[in-house]
Amino acid sequence: MNIHEYQAKELFDRFGVPSPQGKAAATPKEAYDAAKWLAVKHLVVKAQVHAGGRGKGVFKNGFKGGVQVVGSPEEARKVATKMLGEVLVTKQTGEAGRLVRKVMVTEAVSIEREIYLAILMDRESRRPVIIASTEGGMDIEEVAAKTPEKIIHESVNPLAGLQAYQVRKLCDALGFNTTARQFGRLLHALYKLFIECDCSMVEINPVVVTSDDHVYALDAKFNFDDNALFRHPEILAMRDPEEEDPREVAASEFGLNYIGLDGNIACLVNGAGLAMATMDIIKYYGGDPANFLDVGGGATKDQVVAAFKIIMGDAKVQGILVNIFGGIMDCDVIANGIVEATREVGLSLPLVVRLEGNNVDAARQTLANAGVALITADTMADAAQKIVAAVK
Amino acid sequence: MSILVDENTKVLVQGITGSFGARHTQLSIDYGTQIVAGVTPAKGGQTFEHSGKKIPVFDTVAAAVRETGATVSVIFVPCVYSGDAILEAVDAGLDLVVCITEGIPVMDMMRVRAMMAGSKTRLVGPNCPGIVTPGRGEKSHGGCRIGISPGYIHKRGNVGVVSRSGTLTYEAVWQLTQLGYGQSTCVGIGGDPINGTSHLDVLQLFNDDPETEAIIMIGEIGGNAEAEAARWAKEHCKKPIAGFIAGATAPTGRRMGHAGAIVGGEEDTARAKKRILAECGIAVAETPSVMASTLRERWGK
């Protein structure tokens, strides 16, 4: 789950990670008021979208730059007018761009130095790892490729927490002397946030040291552990469905694991590994998967019906492959779901069904009795080849 | 011989009174598994009955172990309580704990693994289908089924199977059985990024098991577990191995169902992993439909 920059700032404020003063604004008037409240000479107006590359982005109305430096509340209002309700296209948004519904107005800071700082869960060591580099404000992947020795890793014992000597070690490696105390406080606060919010990653690029010796987190990217969101209602509340694929939003409402892709052959599978493998084998035989969809082991008939409707509601889909190997999943539940879905929505696309496992005989009978117009298959290869041929 | 469990292993079920745990306990009993106890806090004293068997339910794992001598636990406890359930089983000194539950917060597993350090207990999972050592009876009954796998697809034999995925494992097992190759033990290690047992751990066990003659290893995008296992196998494992990596078509940066199935960089894509497996002498199946036949070609038996 992603969050907006202004929401990241709320988390920073809560945990004591220092960042420049700022407020979110949904209208030009709010932008004006925020600028007035800040009462500083130099301000920045930043478009709030779940994508990077905003500074170099271009709005579809021709306005250039999703991050603008301004000198007064009136200028802030003018710039906000050009951004709000407009679509911003950046390297990361793709051509469709993103609709900007909020901007953030913050105090501008004069930057002396930029540091890269991130914390993530390292699965190999099973520990949180702090990753830092003096090469901040740049593409960290490029730094990793060209000057890997400039990237520092410091792993933290999860039972003991971040130790003072580790903070000193990082300050030393990153060149924090007069500002070591500030950076230390930022580190401790960020680590606490990382743990208490069940993050899988927090990335601040850059942490800045200003010309008047202040240390700030200037921008942040968060990833939260989806498995832990149940115990963070306040973070779940930050979710912005408008920034997500509408098919995925619909699927999540039914507890379905769905990821939209660009192809024309939809899949409905039980189990993530089998679902990925199904997409792979469709591609292998020359087809193009439209989605990843794992109905899970405990799927109910209603969830199956909902899954079918989402698939059939996708205009790009020209064929459907159902691949079920029932372990927990009762094949007959799938069969009943297919029958009901096709009755409710109507089936006008080729449908290949491959079933195996728990209660498969009853399932095959259910499908035969209902007279659903489908193509049966034995193996995954058989199923993939049949759907690819049917869609050509 | 098989690895980890066999038809004599005494198993207790944590979460036996929940509907999920109850159903799979019944299926395991039907398969021939020695289920000797159940544990659900506050339900101690109850009896779980199935097919004429009366299985005592205890409040704690320690009590169940004391009274029945169980050495293995399978956990069907909701994700909110699973970390605690694992630690309780470890504390009771079990040899093996198999956690089926999906959705456990990653940091819970991080803390559980840290707290388990130094204990003799092996954890398999979480978010896994479990372990099956097939029996010699009809539809492979008479074996040990721990977890949620469909029993009938198995057949007693000499191929070890290790996998992160549940249903993709069933696919591989079914293919093997259809070709006439039985399995020694099938181990589902699960789809989470932090788990108890890795591909490497299981390969080492298969390597030392006289009954296992060949191995199928199934992986997916995310992490370096498969590469680590392949590099070890190249130096130490003489038995033929076939592998498959799911997720060649997965977009980067997206979590593909399993919490651990996310491409982080160049090294953990399906393509990179397949290349590393091949470089280490593992026969890589081009599609999920040819996993067993790929092994057959490599094995030559």
# chains A, B, ... in the order shown; residues from 1 in each chain; ligands from 1
$ residues_around --residues "Gly326 (chain A)" --least-positions-apart "6" --cutoff "9 Å" --atoms "only C-alpha atoms" --output "PDB file with all heavy atoms, in the first residue's frame"
ATOM      1  N   ASN A 270      -6.317 -20.859  -8.369  1.00  0.00           N
ATOM      2  CA  ASN A 270      -6.191 -20.910  -6.906  1.00  0.00           C
ATOM      3  C   ASN A 270      -4.740 -21.133  -6.518  1.00  0.00           C
ATOM      4  O   ASN A 270      -4.108 -22.104  -6.909  1.00  0.00           O
ATOM      5  CB  ASN A 270      -7.105 -21.987  -6.307  1.00  0.00           C
ATOM      6  CG  ASN A 270      -6.704 -23.395  -6.709  1.00  0.00           C
ATOM      7  OD1 ASN A 270      -6.364 -23.649  -7.867  1.00  0.00           O
ATOM      8  ND2 ASN A 270      -6.713 -24.295  -5.738  1.00  0.00           N
ATOM      9  N   GLY A 297      -7.540 -20.335  -1.119  1.00  0.00           N
ATOM     10  CA  GLY A 297      -8.017 -21.663  -0.789  1.00  0.00           C
ATOM     11  C   GLY A 297      -9.410 -21.670  -0.213  1.00  0.00           C
ATOM     12  O   GLY A 297     -10.151 -22.623  -0.331  1.00  0.00           O
ATOM     13  N   LEU A 355      -9.686 -28.369 -14.378  1.00  0.00           N
ATOM     14  CA  LEU A 355      -9.896 -28.632 -12.958  1.00  0.00           C
ATOM     15  C   LEU A 355      -9.204 -29.918 -12.563  1.00  0.00           C
ATOM     16  O   LEU A 355      -9.176 -30.884 -13.324  1.00  0.00           O
ATOM     17  CB  LEU A 355     -11.387 -28.797 -12.645  1.00  0.00           C
ATOM     18  CG  LEU A 355     -12.321 -27.624 -12.900  1.00  0.00           C
ATOM     19  CD1 LEU A 355     -13.754 -28.059 -12.653  1.00  0.00           C
ATOM     20  CD2 LEU A 355     -11.984 -26.466 -11.980  1.00  0.00           C
ATOM     21  N   GLU A 356      -8.659 -29.941 -11.351  1.00  0.00           N
ATOM     22  CA  GLU A 356      -8.065 -31.164 -10.817  1.00  0.00           C
ATOM     23  C   GLU A 356      -8.098 -31.057  -9.308  1.00  0.00           C
ATOM     24  O   GLU A 356      -8.062 -29.964  -8.762  1.00  0.00           O
ATOM     25  CB  GLU A 356      -6.612 -31.284 -11.330  1.00  0.00           C
ATOM     26  CG  GLU A 356      -5.980 -32.658 -11.138  1.00  0.00           C
ATOM     27  CD  GLU A 356      -6.803 -33.774 -11.723  1.00  0.00           C
ATOM     28  OE1 GLU A 356      -6.736 -34.007 -12.946  1.00  0.00           O
ATOM     29  OE2 GLU A 356      -7.512 -34.451 -10.950  1.00  0.00           O
ATOM     30  N   GLY A 357      -8.178 -32.206  -8.616  1.00  0.00           N
ATOM     31  CA  GLY A 357      -8.063 -32.186  -7.156  1.00  0.00           C
ATOM     32  C   GLY A 357      -9.342 -32.472  -6.395  1.00  0.00           C
ATOM     33  O   GLY A 357     -10.200 -33.232  -6.841  1.00  0.00           O
ATOM     34  N   ASN A 358      -9.480 -31.826  -5.279  1.00  0.00           N
ATOM     35  CA  ASN A 358     -10.546 -32.039  -4.315  1.00  0.00           C
ATOM     36  C   ASN A 358     -11.946 -31.917  -4.933  1.00  0.00           C
ATOM     37  O   ASN A 358     -12.330 -30.865  -5.406  1.00  0.00           O
ATOM     38  CB  ASN A 358     -10.345 -31.000  -3.199  1.00  0.00           C
ATOM     39  CG  ASN A 358     -11.349 -31.124  -2.082  1.00  0.00           C
ATOM     40  OD1 ASN A 358     -12.114 -32.091  -2.007  1.00  0.00           O
ATOM     41  ND2 ASN A 358     -11.370 -30.128  -1.214  1.00  0.00           N
ATOM     42  N   ASN A 359     -12.690 -33.015  -4.928  1.00  0.00           N
ATOM     43  CA  ASN A 359     -14.087 -33.035  -5.408  1.00  0.00           C
ATOM     44  C   ASN A 359     -14.233 -32.718  -6.901  1.00  0.00           C
ATOM     45  O   ASN A 359     -15.248 -32.185  -7.346  1.00  0.00           O
ATOM     46  CB  ASN A 359     -14.954 -32.057  -4.586  1.00  0.00           C
ATOM     47  CG  ASN A 359     -16.374 -32.565  -4.415  1.00  0.00           C
ATOM     48  OD1 ASN A 359     -16.678 -33.718  -4.723  1.00  0.00           O
ATOM     49  ND2 ASN A 359     -17.264 -31.708  -3.952  1.00  0.00           N
ATOM     50  N   VAL A 360     -13.223 -33.090  -7.679  1.00  0.00           N
ATOM     51  CA  VAL A 360     -13.226 -32.737  -9.107  1.00  0.00           C
ATOM     52  C   VAL A 360     -14.351 -33.441  -9.875  1.00  0.00           C
ATOM     53  O   VAL A 360     -14.919 -32.873 -10.802  1.00  0.00           O
ATOM     54  CB  VAL A 360     -11.845 -33.011  -9.746  1.00  0.00           C
ATOM     55  CG1 VAL A 360     -11.527 -34.506  -9.747  1.00  0.00           C
ATOM     56  CG2 VAL A 360     -11.781 -32.450 -11.142  1.00  0.00           C
TER      57      VAL A 360
ATOM     58  N   SER B 149      -2.630 -30.564   1.837  1.00  0.00           N
ATOM     59  CA  SER B 149      -2.493 -31.128   0.492  1.00  0.00           C
ATOM     60  C   SER B 149      -3.540 -32.211   0.243  1.00  0.00           C
ATOM     61  O   SER B 149      -3.911 -32.930   1.160  1.00  0.00           O
ATOM     62  CB  SER B 149      -1.115 -31.760   0.308  1.00  0.00           C
ATOM     63  OG  SER B 149      -0.104 -30.893   0.739  1.00  0.00           O
ATOM     64  N   PRO B 150      -4.014 -32.354  -1.002  1.00  0.00           N
ATOM     65  CA  PRO B 150      -4.905 -33.470  -1.318  1.00  0.00           C
ATOM     66  C   PRO B 150      -4.104 -34.766  -1.318  1.00  0.00           C
ATOM     67  O   PRO B 150      -3.095 -34.862  -2.019  1.00  0.00           O
ATOM     68  CB  PRO B 150      -5.414 -33.137  -2.724  1.00  0.00           C
ATOM     69  CG  PRO B 150      -4.452 -32.168  -3.286  1.00  0.00           C
ATOM     70  CD  PRO B 150      -3.723 -31.509  -2.162  1.00  0.00           C
ATOM     71  N   THR B 167      -0.414 -24.978  -4.534  1.00  0.00           N
ATOM     72  CA  THR B 167      -1.052 -25.644  -5.672  1.00  0.00           C
ATOM     73  C   THR B 167      -0.066 -25.994  -6.780  1.00  0.00           C
ATOM     74  O   THR B 167      -0.236 -26.979  -7.489  1.00  0.00           O
ATOM     75  CB  THR B 167      -2.196 -24.782  -6.229  1.00  0.00           C
ATOM     76  OG1 THR B 167      -1.754 -23.432  -6.355  1.00  0.00           O
ATOM     77  CG2 THR B 167      -3.372 -24.819  -5.268  1.00  0.00           C
ATOM     78  N   TYR B 170       1.158 -29.352  -5.938  1.00  0.00           N
ATOM     79  CA  TYR B 170       0.222 -30.432  -6.271  1.00  0.00           C
ATOM     80  C   TYR B 170       0.342 -30.763  -7.762  1.00  0.00           C
ATOM     81  O   TYR B 170       0.258 -31.926  -8.174  1.00  0.00           O
ATOM     82  CB  TYR B 170      -1.237 -30.035  -5.985  1.00  0.00           C
ATOM     83  CG  TYR B 170      -1.492 -29.463  -4.617  1.00  0.00           C
ATOM     84  CD1 TYR B 170      -2.598 -28.655  -4.396  1.00  0.00           C
ATOM     85  CD2 TYR B 170      -0.644 -29.728  -3.534  1.00  0.00           C
ATOM     86  CE1 TYR B 170      -2.850 -28.107  -3.150  1.00  0.00           C
ATOM     87  CE2 TYR B 170      -0.887 -29.181  -2.287  1.00  0.00           C
ATOM     88  CZ  TYR B 170      -1.989 -28.370  -2.104  1.00  0.00           C
ATOM     89  OH  TYR B 170      -2.233 -27.820  -0.875  1.00  0.00           O
TER      90      TYR B 170
END
$ residues_around --residues "Glu286 (chain B)" --least-positions-apart "3" --cutoff "12 Å" --atoms "only C-alpha atoms" --output "number ranges by chain"
A: 277, 280-281, 283-285, 381; B: 242-246, 248, 270-271, 274-275, 278, 283, 289-295
$ closest_atom_pairs --of "chain A" --to "chain B" --cutoff "8 Å" --atoms "only C-alpha atoms" --output "Markdown table"
| residue | atom | partner | partner_atom | distance |
| --- | --- | --- | --- | --- |
| A:Arg123 | CA | B:Ile194 | CA | 5.6 |
| A:Glu124 | CA | B:Gly223 | CA | 7.6 |
| A:Arg126 | CA | B:Met110 | CA | 5.7 |
| A:Arg127 | CA | B:Met110 | CA | 6.8 |
| A:Pro158 | CA | B:Arg111 | CA | 6.7 |
| A:Leu159 | CA | B:Arg111 | CA | 6.8 |
| A:Ile195 | CA | B:Met107 | CA | 7.8 |
| A:Asp198 | CA | B:Met107 | CA | 6.7 |
| A:Asp225 | CA | B:Pro105 | CA | 6.9 |
| A:Asp226 | CA | B:Pro105 | CA | 7.9 |
| A:Asn227 | CA | B:Pro105 | CA | 4.8 |
| A:Ala228 | CA | B:Pro105 | CA | 4.8 |
| A:Asn257 | CA | B:Gly257 | CA | 6.2 |
| A:Ile259 | CA | B:Met256 | CA | 7.7 |
| A:Asn270 | CA | B:Thr167 | CA | 7.1 |
| A:Gly271 | CA | B:Thr167 | CA | 5.6 |
| A:Ala272 | CA | B:Gly257 | CA | 5.0 |
| A:Gly273 | CA | B:Ser165 | CA | 5.0 |
| A:Leu274 | CA | B:Leu168 | CA | 4.7 |
| A:Met276 | CA | B:Gly247 | CA | 5.0 |
| A:Ala277 | CA | B:Ala246 | CA | 5.0 |
| A:Thr278 | CA | B:Pro288 | CA | 7.9 |
| A:Met279 | CA | B:Thr249 | CA | 6.4 |
| A:Asp280 | CA | B:Thr249 | CA | 5.5 |
| A:Ile281 | CA | B:Thr287 | CA | 5.9 |
| A:Lys283 | CA | B:Thr249 | CA | 7.5 |
| A:Tyr284 | CA | B:Thr287 | CA | 7.5 |
| A:Phe292 | CA | B:Met256 | CA | 7.5 |
| A:Asp294 | CA | B:Gly257 | CA | 6.9 |
| A:Phe325 | CA | B:Thr167 | CA | 6.0 |
| A:Gly326 | CA | B:Thr167 | CA | 7.5 |
| A:Gly327 | CA | B:Pro150 | CA | 5.1 |
| A:Ile328 | CA | B:Ile148 | CA | 6.2 |
| A:Gly357 | CA | B:Pro150 | CA | 6.8 |
| A:Asn358 | CA | B:Pro150 | CA | 6.5 |
| A:Thr379 | CA | B:Ser289 | CA | 6.8 |
| A:Met380 | CA | B:Ser289 | CA | 5.6 |
| A:Ala381 | CA | B:Ser289 | CA | 5.6 |
$ select_by_dssp --residues "region 157-380 of chain A" --states "helix (DSSP H, G or I)" --output "ChimeraX atom specification"
/A:164-174,180-196,226-231,233-236,241-243,246-253,272-284,301-312,331-345,360-370,380
$ residues_around --residues "region 11-24 of chain A" --least-positions-apart "3" --cutoff "9 Å" --atoms "only C-alpha atoms" --output "PyMOL selection string"
chain A and resi 6-8+30-31+34-35+38+48+102-109+182+185-190+192-193+215-219
$ select_by_dssp --residues "region 10-98 of chain A" --states "strand (DSSP E)" --output "MDAnalysis selection string"
chainID A and resid 22:25 43:47 58:59 67:70 87:89 98
$ residues_around --residues "Val202 (chain A)" --least-positions-apart "4" --cutoff "9 Å" --atoms "only C-alpha atoms" --output "PDB file with C-alpha atoms, in the first residue's frame"
ATOM      1  CA  LEU A 117      18.536   6.912   3.723  1.00  0.00           C
ATOM      2  CA  ALA A 118      16.305   3.860   3.730  1.00  0.00           C
ATOM      3  CA  ILE A 119      15.257   1.088   6.050  1.00  0.00           C
ATOM      4  CA  LEU A 120      13.979  -2.180   4.701  1.00  0.00           C
ATOM      5  CA  LEU A 190      12.665   6.678  11.635  1.00  0.00           C
ATOM      6  CA  PHE A 194       9.533   1.561  10.626  1.00  0.00           C
ATOM      7  CA  ALA A 220       9.607   9.879   1.597  1.00  0.00           C
ATOM      8  CA  LYS A 221       8.428   6.667  -0.001  1.00  0.00           C
ATOM      9  CA  PHE A 222       6.675   4.121   2.185  1.00  0.00           C
ATOM     10  CA  ASN A 223       5.718   0.503   1.700  1.00  0.00           C
ATOM     11  CA  PHE A 224       3.647  -1.217   4.340  1.00  0.00           C
TER      12      PHE A 224
END
$ residues_around --residues "region 133-145 of chain B" --least-positions-apart "6" --cutoff "12 Å" --atoms "only C-alpha atoms" --output "VMD selection string"
chain B and resid 1 to 11 24 to 35 72 to 74 98 151 to 161 173 to 174 177 182 to 188 211 to 212
$ residues_around --residues "Asp95 (chain B)" --least-positions-apart "4" --cutoff "8 Å" --atoms "only C-alpha atoms" --output "MDAnalysis selection string"
chainID B and resid 71:72 120:122
$ closest_residue --among "B:Pro126, B:Gly281, B:Gly118, B:Gly69" --to "Leu94 (chain B)" --atoms "only C-alpha atoms"
B:Gly69
$ residues_around --residues "Ile55 (chain B)" --least-positions-apart "6" --cutoff "8 Å" --atoms "only C-alpha atoms" --output "ChimeraX atom specification"
/B:35-38,47-49
